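Enquirer: If it helps, the file is called my_file_32.txt and holds compact mmCIF, C-alpha atoms:
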# COMPACT_ATOMS: atom_id res chain seq x y z
CA MET A 1 15.92 4.00 1.65
CA PRO A 2 12.95 1.66 1.26
CA LYS A 3 10.06 2.94 -0.79
CA ILE A 4 6.51 3.20 0.56
CA SER A 5 5.58 0.10 -1.48
CA GLU A 6 8.43 -1.87 0.13
CA HIS A 7 7.31 -0.89 3.63
CA ARG A 8 3.75 -1.86 2.69
CA LYS A 9 4.90 -5.28 1.48
CA LYS A 10 6.79 -5.95 4.73
CA TYR A 11 3.88 -4.74 6.86
CA LEU A 12 1.44 -7.03 5.02
CA GLU A 13 3.81 -10.00 5.25
CA ASN A 14 4.25 -9.50 8.99
CA LYS A 15 0.52 -8.98 9.57
CA ASP A 16 -0.27 -12.14 7.62
CA ILE A 17 2.15 -14.20 9.74
CA ALA A 18 0.80 -12.77 13.01
CA GLU A 19 -2.82 -13.41 12.06
CA LYS A 20 -2.77 -16.50 9.86
CA VAL A 21 0.35 -18.52 10.59
CA LEU A 22 0.84 -18.16 14.33
CA ASP A 23 -1.71 -19.55 16.76
CA ILE A 24 -2.49 -17.41 19.81
CA SER A 25 -3.52 -20.51 21.78
CA ILE A 26 0.04 -21.87 21.56
CA GLU A 27 2.20 -20.36 24.28
CA GLY A 28 5.36 -20.38 22.16
CA HIS A 29 3.65 -18.45 19.38
CA ARG A 30 2.50 -15.50 21.50
CA ASN A 31 5.98 -14.02 21.94
CA TRP A 32 6.37 -14.13 18.16
CA ILE A 33 2.96 -12.48 17.72
CA ALA A 34 4.14 -9.61 19.94
CA THR A 35 7.37 -9.21 18.01
CA ILE A 36 5.81 -9.48 14.57
CA CYS A 37 2.98 -7.06 15.44
CA PHE A 38 5.59 -4.51 16.48
CA TYR A 39 7.50 -4.86 13.20
CA ALA A 40 4.29 -4.70 11.16
CA ALA A 41 3.38 -1.47 12.98
CA MET A 42 6.90 -0.15 12.44
CA HIS A 43 6.47 -0.55 8.68
CA ILE A 44 3.10 1.23 8.81
CA ILE A 45 4.82 4.11 10.64
CA ASP A 46 7.67 4.07 8.13
CA MET A 47 5.14 4.28 5.28
CA GLN A 48 3.66 7.40 6.90
CA LEU A 49 7.05 9.01 7.46
CA ALA A 50 8.18 8.16 3.92
CA LYS A 51 5.30 10.26 2.57
CA ASP A 52 7.29 13.24 3.87
CA ASN A 53 10.58 11.74 2.63
CA ILE A 54 11.58 10.89 6.20
CA HIS A 55 13.51 7.65 6.67
CA SER A 56 14.65 6.30 10.02
CA LYS A 57 18.06 4.79 10.59
CA SER A 58 17.26 3.49 14.08
CA HIS A 59 14.40 2.88 16.48
CA ILE A 60 15.48 5.91 18.52
CA GLU A 61 15.51 8.16 15.47
CA ARG A 62 12.09 6.81 14.41
CA GLU A 63 10.61 7.65 17.83
CA GLU A 64 11.84 11.23 17.52
CA GLN A 65 10.38 11.47 14.02
CA ILE A 66 7.05 10.05 15.18
CA SER A 67 6.74 12.69 17.90
CA GLN A 68 7.41 15.45 15.35
CA SER A 69 5.19 14.13 12.55
CA SER A 70 1.77 15.60 11.90
CA ARG A 71 0.81 12.36 10.12
CA ILE A 72 1.01 10.25 13.27
CA SER A 73 -1.52 10.80 16.04
CA GLN A 74 -0.80 10.64 19.75
CA LYS A 75 -3.00 7.52 19.96
CA VAL A 76 -0.86 5.77 17.32
CA ASN A 77 2.31 6.89 19.08
CA VAL A 78 1.15 5.46 22.43
CA GLN A 79 0.07 2.14 20.92
CA TYR A 80 3.26 1.87 18.86
CA LYS A 81 5.35 2.41 22.02
CA HIS A 82 3.37 -0.30 23.81
CA LEU A 83 3.97 -2.69 20.90
CA ARG A 84 7.69 -1.86 21.04
CA THR A 85 7.80 -2.49 24.80
CA MET A 86 5.94 -5.78 24.59
CA SER A 87 8.14 -6.89 21.70
CA ARG A 88 11.17 -6.35 23.94
CA VAL A 89 9.48 -8.22 26.79
CA ALA A 90 8.73 -11.09 24.39
CA ARG A 91 12.31 -11.23 23.16
CA TYR A 92 14.27 -10.70 26.37
CA ASP A 93 12.17 -11.70 29.41
CA ALA A 94 11.80 -15.30 30.48
CA LYS A 95 8.00 -15.05 30.71
CA SER A 96 5.57 -15.75 27.89
CA ILE A 97 3.07 -13.19 26.68
CA GLU A 98 -0.44 -13.99 27.93
CA PRO A 99 -3.27 -14.59 25.41
CA THR A 100 -5.13 -11.44 26.50
CA VAL A 101 -2.02 -9.35 25.95
CA ALA A 102 -1.37 -10.94 22.55
CA ASN A 103 -4.96 -10.13 21.54
CA GLN A 104 -4.48 -6.55 22.70
CA LEU A 105 -1.32 -6.22 20.61
CA ILE A 106 -3.16 -7.47 17.52
CA ARG A 107 -5.90 -4.87 18.23
CA PHE A 108 -3.23 -2.17 18.52
CA LEU A 109 -1.84 -3.19 15.15
CA HIS A 110 -5.33 -2.93 13.64
CA ASN A 111 -5.86 0.47 15.30
CA ILE A 112 -2.56 1.78 13.90
CA GLU A 113 -3.50 0.41 10.50
CA GLU A 114 -6.89 2.16 10.57
CA GLU A 115 -5.57 5.47 11.93
CA CYS A 116 -2.82 5.66 9.33
CA ALA A 117 -5.20 4.79 6.49
CA LYS A 118 -7.17 8.00 7.11
Go through the file and emit its structure as structure tokens.

Expert:
Amino acid sequence: MPKISEHRKKYLENKDIAEKVLDISIEGHRNWIATICFYAAMHIIDMQLAKDNIHSKSHIEREEQISQSSRISQKVNVQYKHLRTMSRVARYDAKSIEPTVANQLIRFLHNIEEECAK
């Protein structure tokens, strides 16, 4: 099971790539921004769950744990699910993520970050 510090490292690495390496103005980058924002948020969630010694083995299990956790607000849960959905769209649909959507996903990541830092 990854430690909180390991989840934090992965979250920060993913956030750094989404914000500093990828360029939202480049169409081919936006799908990666969606995917990386989801995985950064996933590691934030995993950090929160790990505080209660809860470790997910799958995305489905994590979603059940999120809904049962007092550490994770409904707002975070909703935004996390939207990030998950858009990550799937980015990976499996033929369309590219629009710049406004990519910006929204980055905002959701920041919101999750702020909410979980409380």

Enquirer: So, with only C-alpha atoms as the atoms that count, which of A:His7, A:Lys20, A:Arg62, A:Lys118 lies closest to Ala40 of chain A?

Expert: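 Selected residue with least distance to Ala40 of chain A: A:His7.
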
Enquirer: Go through A:Arg8, A:Arg84, A:Lys95, A:His110 one by one, measure the shortest atom-to-atom distance of each to Ile60 of chain A using only C-alpha atoms, and give the residue with the smallest value.

Expert: A:Arg84

Enquirer: For Lys9 of chain A, find every residue with an atom within 10 Å (counting only C-alpha atoms), except residues of its own chain fewer than 6 positions away, and show them as a list of chain:residue names.

Expert: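 The neighbour list is A:Lys3, A:Lys15, A:Ala40, A:His43, A:Ile44.
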
Enquirer: Could you work out an axis-aligned bounding box for all listed atoms of segment 12-19 of chain A, with 6 Å added on each of the six sides, and give its centre and edge lengths in Å to one decimal, as lines of an AutoDock Vina configuration file?

Expert:
center_x = 0.7
center_y = -10.6
center_z = 9.0
size_x = 19.1
size_y = 19.2
size_z = 20.0

Enquirer: Nearest to Cys37 of chain A: which of A:Ile106, A:Cys116, A:Leu12, A:Ala94 is it, counting all atoms listed in the file?

Expert: A:Ile106

Enquirer: For a quick check of understanding, using all atoms listed in the file, which of A:Met86, A:Ser69, A:Ala102, A:Asp46 has the smallest distance to Glu6 of chain A?

Expert: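 Counting all atoms listed in the file, the residue closest to Glu6 of chain A is A:Asp46.
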
Enquirer: Find the spatial neighbours of Ile33 of chain A, counting all atoms listed in the file, within a cut-off of 8 Å - ignore same-chain residues fewer than 2 positions away - and output them as a list in words.

Expert: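 Answer for this query is Ala18, Leu22, Ile24, His29, Arg30, Asn31, Thr35, Ile36, Cys37, Ala102 and Ile106 of chain A.
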
Enquirer: Quick one: everything within 12 Å of Asp52 of chain A, counting only C-alpha atoms, minus sequence neighbours fewer than 6 positions away in the same chain. Send it as a ChimeraX atom specification.

Expert: /A:3-4,45-46,65-66,68-72

Enquirer: Point out the residue among A:Ile97, A:Ile112, A:Ala41, A:Val78 with the least atom-to-atom distance to Asn14 of chain A, counting all atoms listed in the file.

Expert: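 Closest to Asn14 of chain A, using all atoms listed in the file: A:Ala41.
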
Enquirer: Lys75 of chain A: which residues within 12 Å, counting only C-alpha atoms, same-chain residues fewer than 5 positions away excluded, as an MDAnalysis selection string?

Expert: chainID A and resid 66:67 80:82 108:109 111:116

Enquirer: Looking at A:Leu83, A:Pro99, A:Met1, A:His59, which one is nearest to Asp23 of chain A, with distances taken over all atoms listed in the file?

Expert: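 The shortest atom-to-atom distance to Asp23 of chain A comes from A:Pro99.
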
Enquirer: Can you work out the spacing between atom CA of Val89 of chain A and atom CA of Glu19 of chain A in Å, to one decimal?

Expert: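 Computed distance, atom CA of Val89 of chain A to atom CA of Glu19 of chain A, equals 19.9 Å.
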
Enquirer: Please, what distance in Å, to one decimal, runs between atom CA of Met47 of chain A and atom CA of Val101 of chain A?

Expert: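 Atom CA of Val101 of chain A lies 25.8 Å from atom CA of Met47 of chain A.
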
Enquirer: For the atom pair atom CA of Glu63 of chain A and atom CA of Val76 of chain A, what is the interatomic distance in Å to one decimal place?

Expert: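 Distance reported for this atom pair: 11.6 Å.
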